[in-house]
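S.K.: See query-v6.pdb below, with PDB, C-alpha atoms.
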ATOM      1  CA  MET A   1      49.294  -7.986  36.175
ATOM      2  CA  ARG A   2      52.441  -6.065  36.991
ATOM      3  CA  ILE A   3      53.131  -5.526  33.278
ATOM      4  CA  LEU A   4      49.560  -4.263  32.753
ATOM      5  CA  PHE A   5      49.833  -1.848  35.698
ATOM      6  CA  PHE A   6      53.211  -0.636  34.378
ATOM      7  CA  ILE A   7      51.737   0.052  30.902
ATOM      8  CA  LEU A   8      48.746   1.865  32.441
ATOM      9  CA  LYS A   9      51.141   3.914  34.582
ATOM     10  CA  ILE A  10      53.127   4.996  31.513
ATOM     11  CA  ILE A  11      49.911   5.884  29.639
ATOM     12  CA  GLY A  12      48.694   7.930  32.624
ATOM     13  CA  ILE A  13      51.980   9.824  32.856
ATOM     14  CA  LEU A  14      51.858  10.616  29.141
ATOM     15  CA  LEU A  15      48.243  11.807  29.384
ATOM     16  CA  LEU A  16      49.100  14.010  32.361
ATOM     17  CA  ALA A  17      52.085  15.477  30.489
ATOM     18  CA  ILE A  18      49.905  16.204  27.428
ATOM     19  CA  LEU A  19      47.226  17.790  29.646
ATOM     20  CA  PHE A  20      49.837  19.893  31.449
ATOM     21  CA  MET A  21      51.330  21.150  28.162
ATOM     22  CA  THR A  22      47.847  21.937  26.804
ATOM     23  CA  VAL A  23      46.981  23.976  29.909
ATOM     24  CA  LEU A  24      50.282  25.852  29.616
ATOM     25  CA  LEU A  25      49.726  26.531  25.925
ATOM     26  CA  VAL A  26      46.199  27.834  26.455
ATOM     27  CA  PHE A  27      46.523  29.778  29.715
ATOM     28  CA  TYR A  28      50.174  30.859  29.936
ATOM     29  CA  PRO A  29      50.422  34.272  28.226
ATOM     30  CA  VAL A  30      52.711  35.200  25.366
ATOM     31  CA  SER A  31      54.699  38.294  26.344
ATOM     32  CA  TYR A  32      55.945  40.955  23.954
ATOM     33  CA  TRP A  33      58.429  43.775  24.382
ATOM     34  CA  LEU A  34      59.254  46.470  21.844
ATOM     35  CA  GLU A  35      61.506  49.494  21.956
ATOM     36  CA  GLY A  36      62.434  51.951  19.237
ATOM     37  CA  LYS A  37      64.366  55.101  18.562
ATOM     38  CA  ASN A  38      64.235  57.573  15.704
ATOM     39  CA  ASP A  39      67.036  60.120  15.745
ATOM     40  CA  GLU A  40      68.757  60.063  12.366
ATOM     41  CA  GLU A  41      67.701  56.522  11.441
ATOM     42  CA  LEU A  42      64.888  54.290  12.658
ATOM     43  CA  PHE A  43      65.897  51.507  15.024
ATOM     44  CA  LEU A  44      63.502  48.859  16.382
ATOM     45  CA  HIS A  45      64.224  46.020  18.756
ATOM     46  CA  GLY A  46      61.632  43.601  20.109
ATOM     47  CA  ARG A  47      61.032  40.173  21.586
ATOM     48  CA  LEU A  48      58.216  37.618  21.752
ATOM     49  CA  SER A  49      58.588  35.089  24.563
ATOM     50  CA  TRP A  50      56.604  32.263  26.096
ATOM     51  CA  LEU A  51      56.999  29.987  29.116
ATOM     52  CA  PHE A  52      59.580  31.914  31.149
ATOM     53  CA  ARG A  53      61.415  32.865  27.911
ATOM     54  CA  ILE A  54      62.155  29.229  27.119
ATOM     55  CA  VAL A  55      60.660  29.826  23.663
ATOM     56  CA  ARG A  56      61.455  33.258  22.257
ATOM     57  CA  LEU A  57      61.827  35.247  19.077
ATOM     58  CA  GLU A  58      63.933  38.394  18.978
ATOM     59  CA  PHE A  59      63.961  40.781  16.032
ATOM     60  CA  ALA A  60      65.753  44.008  15.176
ATOM     61  CA  LEU A  61      65.369  46.529  12.365
ATOM     62  CA  LYS A  62      68.416  48.674  11.678
ATOM     63  CA  ASP A  63      69.774  50.260   8.475
ATOM     64  CA  HIS A  64      66.749  48.886   6.532
ATOM     65  CA  THR A  65      67.722  45.288   7.385
ATOM     66  CA  LEU A  66      65.635  42.913   9.482
ATOM     67  CA  GLU A  67      67.396  40.454  11.766
ATOM     68  CA  LEU A  68      65.572  37.530  13.386
ATOM     69  CA  LYS A  69      66.876  35.419  16.248
ATOM     70  CA  PRO A  70      64.610  32.522  17.326
ATOM     71  CA  GLY A  71      65.658  30.528  20.338
ATOM     72  CA  ILE A  72      64.743  27.598  22.587
ATOM     73  CA  LEU A  73      66.352  27.273  26.027
ATOM     74  CA  CYS A  74      70.030  28.225  25.577
ATOM     75  CA  PHE A  75      70.041  27.655  21.794
ATOM     76  CA  HIS A  76      69.431  30.446  19.294
ATOM     77  CA  TRP A  77      69.798  30.968  15.547
ATOM     78  CA  ASN A  78      70.552  34.128  13.592
ATOM     79  CA  LEU A  79      68.348  34.733  10.551
ATOM     80  CA  GLY A  80      68.185  37.666   8.118
ATOM     81  CA  GLY A  81      70.519  40.573   7.557
ATOM     82  CA  THR A  82      71.989  39.220   4.305
ATOM     83  CA  LYS A  83      69.743  40.923   1.756
ATOM     84  CA  SER A  84      71.970  43.939   1.295
ATOM     85  CA  ASP A  85      75.035  41.733   0.553
ATOM     86  CA  GLU A  86      73.137  39.729  -2.065
ATOM     87  CA  LYS A  87      71.873  42.902  -3.715
ATOM     88  CA  SER A  88      75.354  44.413  -3.837
ATOM     89  CA  GLY A  89      76.737  41.254  -5.448
ATOM     90  CA  LYS A  90      74.004  41.269  -8.093
ATOM     91  CA  ALA A  91      74.575  44.960  -8.800
ATOM     92  CA  GLN A  92      78.318  44.373  -9.253
ATOM     93  CA  ALA A  93      77.668  41.509 -11.669
ATOM     94  CA  GLU A  94      75.237  43.645 -13.709
ATOM     95  CA  GLU A  95      77.745  46.510 -13.849
ATOM     96  CA  LYS A  96      80.427  44.124 -15.125
ATOM     97  CA  THR A  97      78.174  42.805 -17.890
ATOM     98  CA  ILE A  98      77.259  46.361 -18.943
ATOM     99  CA  GLU A  99      80.926  47.342 -19.087
ATOM    100  CA  VAL A 100      81.792  44.289 -21.201
ATOM    101  CA  SER A 101      78.949  44.987 -23.660
ATOM    102  CA  GLU A 102      79.993  48.650 -23.985
ATOM    103  CA  GLU A 103      83.594  47.652 -24.648
ATOM    104  CA  SER A 104      82.535  45.159 -27.348
ATOM    105  CA  LEU A 105      80.376  47.796 -29.066
ATOM    106  CA  ALA A 106      83.221  50.287 -29.017
ATOM    107  CA  GLU A 107      85.581  47.738 -30.590
ATOM    108  CA  THR A 108      83.148  46.946 -33.424
ATOM    109  CA  ASN A 109      82.613  50.645 -34.171
ATOM    110  CA  GLN A 110      86.358  51.282 -34.247
ATOM    111  CA  GLY A 111      86.892  48.468 -36.776
ATOM    112  CA  GLN A 112      84.526  50.006 -39.367
ATOM    113  CA  SER A 113      85.396  52.825 -41.792
ATOM    114  CA  PRO A 114      83.459  56.150 -41.881
ATOM    115  CA  ASP A 115      81.938  55.394 -45.358
ATOM    116  CA  ALA A 116      80.671  52.045 -44.221
ATOM    117  CA  ARG A 117      79.087  53.634 -41.161
ATOM    118  CA  GLN A 118      77.308  56.239 -43.308
ATOM    119  CA  VAL A 119      75.941  53.564 -45.655
ATOM    120  CA  LEU A 120      74.641  51.519 -42.742
ATOM    121  CA  ARG A 121      72.938  54.559 -41.204
ATOM    122  CA  SER A 122      71.202  55.508 -44.493
ATOM    123  CA  GLU A 123      69.955  51.953 -45.025
ATOM    124  CA  SER A 124      68.631  51.725 -41.473
ATOM    125  CA  GLU A 125      66.799  55.083 -41.839
ATOM    126  CA  LYS A 126      65.145  53.893 -45.103
ATOM    127  CA  ASN A 127      63.999  50.688 -43.485
ATOM    128  CA  ASP A 128      62.609  52.574 -40.497
ATOM    129  CA  SER A 129      60.635  54.963 -42.718
ATOM    130  CA  GLN A 130      59.138  52.076 -44.743
ATOM    131  CA  ILE A 131      58.155  50.215 -41.608
ATOM    132  CA  ALA A 132      56.620  53.355 -40.071
ATOM    133  CA  SER A 133      54.539  54.177 -43.190
ATOM    134  CA  GLY A 134      53.305  50.607 -43.523
ATOM    135  CA  SER A 135      52.395  50.134 -39.881
ATOM    136  CA  SER A 136      50.687  53.521 -39.285
ATOM    137  CA  ALA A 137      47.388  52.323 -40.765
ATOM    138  CA  GLU A 138      47.519  49.134 -38.743
ATOM    139  CA  LEU A 139      48.224  51.101 -35.594
ATOM    140  CA  GLN A 140      45.231  53.388 -36.192
ATOM    141  CA  GLY A 141      42.958  50.382 -36.643
ATOM    142  CA  GLU A 142      44.273  48.718 -33.529
ATOM    143  CA  GLN A 143      43.819  51.952 -31.557
ATOM    144  CA  ARG A 144      40.174  52.232 -32.653
ATOM    145  CA  THR A 145      39.385  48.647 -31.727
ATOM    146  CA  GLY A 146      41.232  49.014 -28.425
ATOM    147  CA  PHE A 147      39.301  52.185 -27.600
ATOM    148  CA  LEU A 148      35.972  50.476 -28.312
ATOM    149  CA  GLU A 149      36.949  47.501 -26.190
ATOM    150  CA  LYS A 150      37.930  49.793 -23.308
ATOM    151  CA  VAL A 151      34.586  51.626 -23.515
ATOM    152  CA  GLN A 152      32.683  48.328 -23.490
ATOM    153  CA  SER A 153      34.696  46.964 -20.573
ATOM    154  CA  GLY A 154      34.159  50.229 -18.679
ATOM    155  CA  LYS A 155      30.382  49.911 -19.126
ATOM    156  CA  THR A 156      30.392  46.318 -17.879
ATOM    157  CA  LYS A 157      32.559  47.268 -14.888
ATOM    158  CA  ALA A 158      30.266  50.178 -14.010
ATOM    159  CA  SER A 159      27.188  47.933 -14.124
ATOM    160  CA  GLY A 160      29.008  45.367 -11.985
ATOM    161  CA  TRP A 161      29.945  48.005  -9.405
ATOM    162  CA  LYS A 162      26.356  49.220  -9.285
ATOM    163  CA  ASN A 163      25.084  45.701  -8.626
ATOM    164  CA  ARG A 164      27.700  45.181  -5.931
ATOM    165  CA  ALA A 165      26.823  48.496  -4.257
ATOM    166  CA  ARG A 166      23.134  47.541  -4.309
ATOM    167  CA  THR A 167      23.808  44.153  -2.709
ATOM    168  CA  ILE A 168      26.107  45.704  -0.074
ATOM    169  CA  ARG A 169      23.440  48.304   0.761
ATOM    170  CA  GLU A 170      20.830  45.569   1.153
ATOM    171  CA  GLU A 171      23.123  43.504   3.357
ATOM    172  CA  LEU A 172      24.025  46.449   5.580
ATOM    173  CA  THR A 173      20.395  47.413   6.134
ATOM    174  CA  ASP A 174      19.510  43.867   7.232
ATOM    175  CA  GLU A 175      18.957  43.745  10.994
ATOM    176  CA  ARG A 176      20.612  40.331  11.430
ATOM    177  CA  ASN A 177      23.741  41.503   9.653
ATOM    178  CA  LYS A 178      23.868  44.588  11.889
ATOM    179  CA  MET A 179      23.760  42.348  14.944
ATOM    180  CA  ALA A 180      26.535  40.142  13.529
ATOM    181  CA  ILE A 181      28.797  43.117  12.765
ATOM    182  CA  SER A 182      28.246  44.592  16.231
ATOM    183  CA  HIS A 183      29.101  41.214  17.799
ATOM    184  CA  ILE A 184      32.337  40.965  15.783
ATOM    185  CA  TRP A 185      33.253  44.523  16.776
ATOM    186  CA  GLN A 186      32.697  43.703  20.463
ATOM    187  CA  GLU A 187      34.986  40.679  20.163
ATOM    188  CA  VAL A 188      37.669  42.786  18.477
ATOM    189  CA  LEU A 189      37.489  45.313  21.319
ATOM    190  CA  TYR A 190      37.724  42.462  23.816
ATOM    191  CA  LEU A 191      40.921  41.172  22.170
ATOM    192  CA  LEU A 192      42.417  44.659  21.974
ATOM    193  CA  SER A 193      41.711  45.233  25.667
ATOM    194  CA  HIS A 194      43.818  42.180  26.528
ATOM    195  CA  LEU A 195      46.448  42.793  23.831
ATOM    196  CA  LYS A 196      47.097  46.450  24.625
ATOM    197  CA  PRO A 197      50.422  47.294  26.310
ATOM    198  CA  LYS A 198      50.515  47.158  30.084
ATOM    199  CA  TYR A 199      53.568  49.434  30.222
ATOM    200  CA  ILE A 200      54.331  52.382  27.929
ATOM    201  CA  GLN A 201      57.190  54.866  28.048
ATOM    202  CA  ALA A 202      57.634  57.436  25.265
ATOM    203  CA  GLU A 203      59.487  60.695  24.658
ATOM    204  CA  ILE A 204      58.572  62.251  21.286
ATOM    205  CA  ASP A 205      59.485  65.583  19.668
ATOM    206  CA  PHE A 206      57.784  66.507  16.409
ATOM    207  CA  SER A 207      57.140  69.340  13.992
ATOM    208  CA  VAL A 208      54.914  69.443  10.919
ATOM    209  CA  GLY A 209      56.899  72.290   9.340
ATOM    210  CA  ASP A 210      54.362  75.036   9.943
ATOM    211  CA  PRO A 211      53.406  76.429  13.393
ATOM    212  CA  ALA A 212      49.690  76.440  12.559
ATOM    213  CA  ALA A 213      49.765  72.871  11.238
ATOM    214  CA  THR A 214      51.810  71.771  14.254
ATOM    215  CA  GLY A 215      49.177  73.285  16.550
ATOM    216  CA  GLN A 216      46.397  71.468  14.683
ATOM    217  CA  ALA A 217      48.296  68.179  14.927
ATOM    218  CA  THR A 218      48.811  68.745  18.661
ATOM    219  CA  GLY A 219      45.086  69.357  19.099
ATOM    220  CA  MET A 220      44.230  66.153  17.240
ATOM    221  CA  LEU A 221      46.711  64.160  19.333
ATOM    222  CA  SER A 222      45.229  65.594  22.541
ATOM    223  CA  LEU A 223      41.933  63.873  21.660
ATOM    224  CA  LEU A 224      43.545  60.435  21.968
ATOM    225  CA  PRO A 225      43.222  58.878  25.438
ATOM    226  CA  ILE A 226      46.647  57.256  25.135
ATOM    227  CA  MET A 227      48.286  60.695  25.282
ATOM    228  CA  TYR A 228      47.231  61.064  28.928
ATOM    229  CA  GLN A 229      48.771  57.826  30.170
ATOM    230  CA  LYS A 230      51.617  57.936  32.627
ATOM    231  CA  GLY A 231      55.035  57.854  30.973
ATOM    232  CA  ILE A 232      54.032  59.377  27.605
ATOM    233  CA  HIS A 233      55.482  62.812  26.861
ATOM    234  CA  VAL A 234      54.930  64.564  23.524
ATOM    235  CA  TYR A 235      56.653  67.888  22.831
ATOM    236  CA  PRO A 236      55.547  69.894  19.745
ATOM    237  CA  ASP A 237      58.107  72.208  18.150
ATOM    238  CA  PHE A 238      56.443  75.410  16.923
ATOM    239  CA  MET A 239      59.695  77.094  15.862
ATOM    240  CA  SER A 240      60.996  74.583  13.336
ATOM    241  CA  GLU A 241      60.148  74.928   9.645
ATOM    242  CA  GLU A 242      61.027  71.298   8.813
ATOM    243  CA  PHE A 243      58.969  68.162   9.223
ATOM    244  CA  TYR A 244      60.509  65.687  11.663
ATOM    245  CA  ILE A 245      59.585  63.113  14.286
ATOM    246  CA  ARG A 246      62.260  62.187  16.799
ATOM    247  CA  GLY A 247      62.168  60.291  20.031
ATOM    248  CA  SER A 248      62.136  56.899  21.672
ATOM    249  CA  PHE A 249      59.542  54.540  23.088
ATOM    250  CA  CYS A 250      59.257  51.292  24.984
ATOM    251  CA  LEU A 251      56.183  49.120  25.521
ATOM    252  CA  LYS A 252      55.438  45.756  27.135
ATOM    253  CA  GLY A 253      52.382  43.548  27.216
ATOM    254  CA  HIS A 254      51.058  39.993  27.157
ATOM    255  CA  MET A 255      48.017  37.987  26.137
ATOM    256  CA  ALA A 256      47.007  34.355  26.632
ATOM    257  CA  LEU A 257      45.764  32.136  23.835
ATOM    258  CA  PHE A 258      42.670  31.453  25.935
ATOM    259  CA  HIS A 259      41.174  34.824  25.010
ATOM    260  CA  MET A 260      41.480  34.143  21.276
ATOM    261  CA  ILE A 261      39.903  30.681  21.664
ATOM    262  CA  ARG A 262      37.086  32.176  23.697
ATOM    263  CA  CYS A 263      36.371  34.816  21.038
ATOM    264  CA  PHE A 264      36.467  32.203  18.275
ATOM    265  CA  ILE A 265      33.966  29.965  20.100
ATOM    266  CA  ARG A 266      31.563  32.835  20.763
ATOM    267  CA  ILE A 267      31.751  33.995  17.141
ATOM    268  CA  TRP A 268      31.287  30.449  15.843
ATOM    269  CA  LYS A 269      28.169  29.958  18.000
ATOM    270  CA  ASP A 270      26.525  33.125  16.647
ATOM    271  CA  LYS A 271      23.854  32.182  14.093
ATOM    272  CA  ASN A 272      23.934  35.564  12.353
ATOM    273  CA  ILE A 273      27.691  35.326  11.738
ATOM    274  CA  LYS A 274      27.257  31.762  10.452
ATOM    275  CA  ARG A 275      24.619  33.021   8.041
ATOM    276  CA  ILE A 276      26.977  35.694   6.634
ATOM    277  CA  PHE A 277      29.831  33.187   6.389
ATOM    278  CA  ASN A 278      27.711  30.673   4.468
ATOM    279  CA  LYS A 279      26.462  33.394   2.136
ATOM    280  CA  PHE A 280      29.984  34.550   1.237
ATOM    281  CA  ARG A 281      31.176  30.945   0.861
ATOM    282  CA  LYS A 282      28.542  30.345  -1.818
TER     283      LYS A 282
END
Rewrite the coordinates I just gave you, this time as structure tokens.
M.R.:
Amino acid sequence: MRILFFILKIIGILLLAILFMTVLLVFYPVSYWLEGKNDEELFLHGRLSWLFRIVRLEFALKDHTLELKPGILCFHWNLGGTKSDEKSGKAQAEEKTIEVSEESLAETNQGQSPDARQVLRSESEKNDSQIASGSSAELQGEQRTGFLEKVQSGKTKASGWKNRARTIREELTDERNKMAISHIWQEVLYLLSHLKPKYIQAEIDFSVGDPAATGQATGMLSLLPIMYQKGIHVYPDFMSEEFYIRGSFCLKGHMALFHMIRCFIRIWKDKNIKRIFNKFRK
């Protein structure tokens, strides 16, 4: 009996550990942090972390190279940032091969006499003229057949696009499809409301290059609600005649996997969305 109770105890501990990890995975949010700066070159630095930063992924974009640094606990690994070195090595090898081929061609040309070069040029010109006269008729025939084939394929494509437009119009006017699309849009807004940054700090200077165009761009930006959040400052430059965007930003946010699972379950239970999915699968 003691052995049986010991085995049951171990099984219970394992089940509790699995349940605890599942609850953490579903309900503990994944945090993200991103900062950037654009002065002369674009620089981005960000981090994804989970479970008190025990599991994390840091990334940086600088000088058109992407560096990744995943980590668990106190261990981390450096990935990326070696593409430019590989490209430079390949370019050097190609330059060497081109130089060798040019040197070999120069040596062969130096070894020949001027008369021999003239004879070779005349023979090559005769051969080119004969080939051009013989293949001109074939080229005209091929061009005619190719033109007819293009016209026929264009007609078939146009008829196909018309049929597709007709089917799309019929599907969009269906009331059940309208309800399915509105449901999907509501779920997308729900995810965005939980995924949006909880903290934003930005200082941006910009100019379109023309004072009138800069004023129009400022008016369009003023229509966005994000421009009125605390910590966001946008300064248009009406004096500059060059297009530029300079500044820095920092944003933080988090979202739990529970919200994505909830949206997936609600979408999967919708009969109208199932109907559209089955129709496209066929």
S.K.: Could you check which of A:Ala165, A:Ile245, A:Val151, A:Ala256 is closest to Val26 in chain A, using only C-alpha atoms?
M.R.: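 Using only C-alpha atoms, the shortest distance to Val26 in chain A belongs to A:Ala256.
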S.K.: Can you tell me how far CA of Cys74 in chain A sits from CA of Phe20 in chain A, in Å to one decimal?
M.R.: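 For CA of Cys74 in chain A relative to CA of Phe20 in chain A, the distance reads 22.6 Å.
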S.K.: Could you check which of A:Phe27, A:Ile267, A:Lys62, A:Ala202 is closest to Trp185 in chain A, using all atoms listed in the file?
M.R.: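 With all atoms listed in the file as the atom set, the closest residue is A:Ile267.
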S.K.: Just give me the gap between CA of Leu251 in chain A and CA of Gly46 in chain A in Å, one decimal is fine.
M.R.: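 Going from CA of Leu251 in chain A over to CA of Gly46 in chain A, I get 9.5 Å.
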S.K.: Hey, what comes out of the PyMOL selection byres ((chain A and resi 224-234) around 6) on this file? Could you write it as a list in words?
M.R.: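 When the PyMOL selection byres ((chain A and resi 224-234) around 6) is applied, the selected residues are Gln201, Ala202, Glu203, Ile204, Leu221, Ser222, Leu223 and Tyr235 of chain A.
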S.K.: Quick one: write out the picked residues with C-alpha atoms as a CSV table (one decimal), keeping the file's coordinate frame?
M.R.:
chain,number,residue,atom,x,y,z
A,201,GLN,CA,57.2,54.9,28.0
A,202,ALA,CA,57.6,57.4,25.3
A,203,GLU,CA,59.5,60.7,24.7
A,204,ILE,CA,58.6,62.3,21.3
A,221,LEU,CA,46.7,64.2,19.3
A,222,SER,CA,45.2,65.6,22.5
A,223,LEU,CA,41.9,63.9,21.7
A,235,TYR,CA,56.7,67.9,22.8
S.K.: Just the number, please: distance in Å from CA of Val55 in chain A to CA of Glu187 in chain A, one decimal.
M.R.: 28.1 Å
S.K.: Quick one: everything within 12 Å of Ile181 in chain A, counting all atoms listed in the file, minus sequence neighbours fewer than 2 positions away in the same chain. Send it as a PyMOL selection string.
M.R.: chain A and resi 171-179+183-188+267+270+272-277
S.K.: When distances are computed from all atoms listed in the file, which of A:Thr65, A:Arg166, A:Asp205, A:Lys271 shows the smallest separation from Ala180 in chain A?
M.R.: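 With all atoms listed in the file as the atom set, the closest residue is A:Lys271.
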S.K.: Using all atoms of range 248-263 of chain A that appear in the file, construct an axis-aligned enclosing box with 8 Å of padding on every side and provide its centre coordinates and edge lengths in Å, rounded to one decimal, as JSON.
M.R.:
{"center_x": 49.3, "center_y": 43.8, "center_z": 24.1, "size_x": 41.8, "size_y": 42.2, "size_z": 22.2}
S.K.: Got a sec to resolve the PyMOL selection byres ((chain A and resi 210) around 10) on this structure and send the residues as a PyMOL selection string?
M.R.: chain A and resi 207-209+211-216+237-243
S.K.: Convert the output of the PyMOL selection byres ((chain A and resi 192-197) around 7) on the shown file into explicit residues, formatted as a list of chain:residue names.
M.R.: A:Val188, A:Leu189, A:Tyr190, A:Leu191, A:Lys198, A:Tyr199, A:Ile200, A:Leu251, A:Lys252, A:Gly253, A:His254, A:Met255
S.K.: Considering all atoms listed in the file, return as a PyMOL selection string whatever protein or nucleic-acid residues lie within 12 Å of Phe75 in chain A, sequence-local ones (same chain, fewer than 2 positions apart) excluded.
M.R.: chain A and resi 53-57+69-73+77-78
S.K.: Under the rule of at most 6 Å, produce a per-residue listing of range 152-257 of chain A near range 36-44 of chain A: chain, number, name, the closest pair of atoms, and the distance in Å, as a Markdown table, using only C-alpha atoms.
M.R.:
| residue | atom | partner | partner_atom | distance |
| --- | --- | --- | --- | --- |
| A:Arg246 | CA | A:Asn38 | CA | 5.1 |
| A:Gly247 | CA | A:Asn38 | CA | 5.5 |
| A:Ser248 | CA | A:Lys37 | CA | 4.2 |
| A:Phe249 | CA | A:Gly36 | CA | 5.5 |
S.K.: Using only C-alpha atoms, please write the residues we just selected to a file, as a compact mmCIF listing (two decimals), in the frame of the given file.
M.R.:
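Full text of again29.txt as output:
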# COMPACT_ATOMS: atom_id res chain seq x y z
CA ARG A 246 62.26 62.19 16.80
CA GLY A 247 62.17 60.29 20.03
CA SER A 248 62.14 56.90 21.67
CA PHE A 249 59.54 54.54 23.09
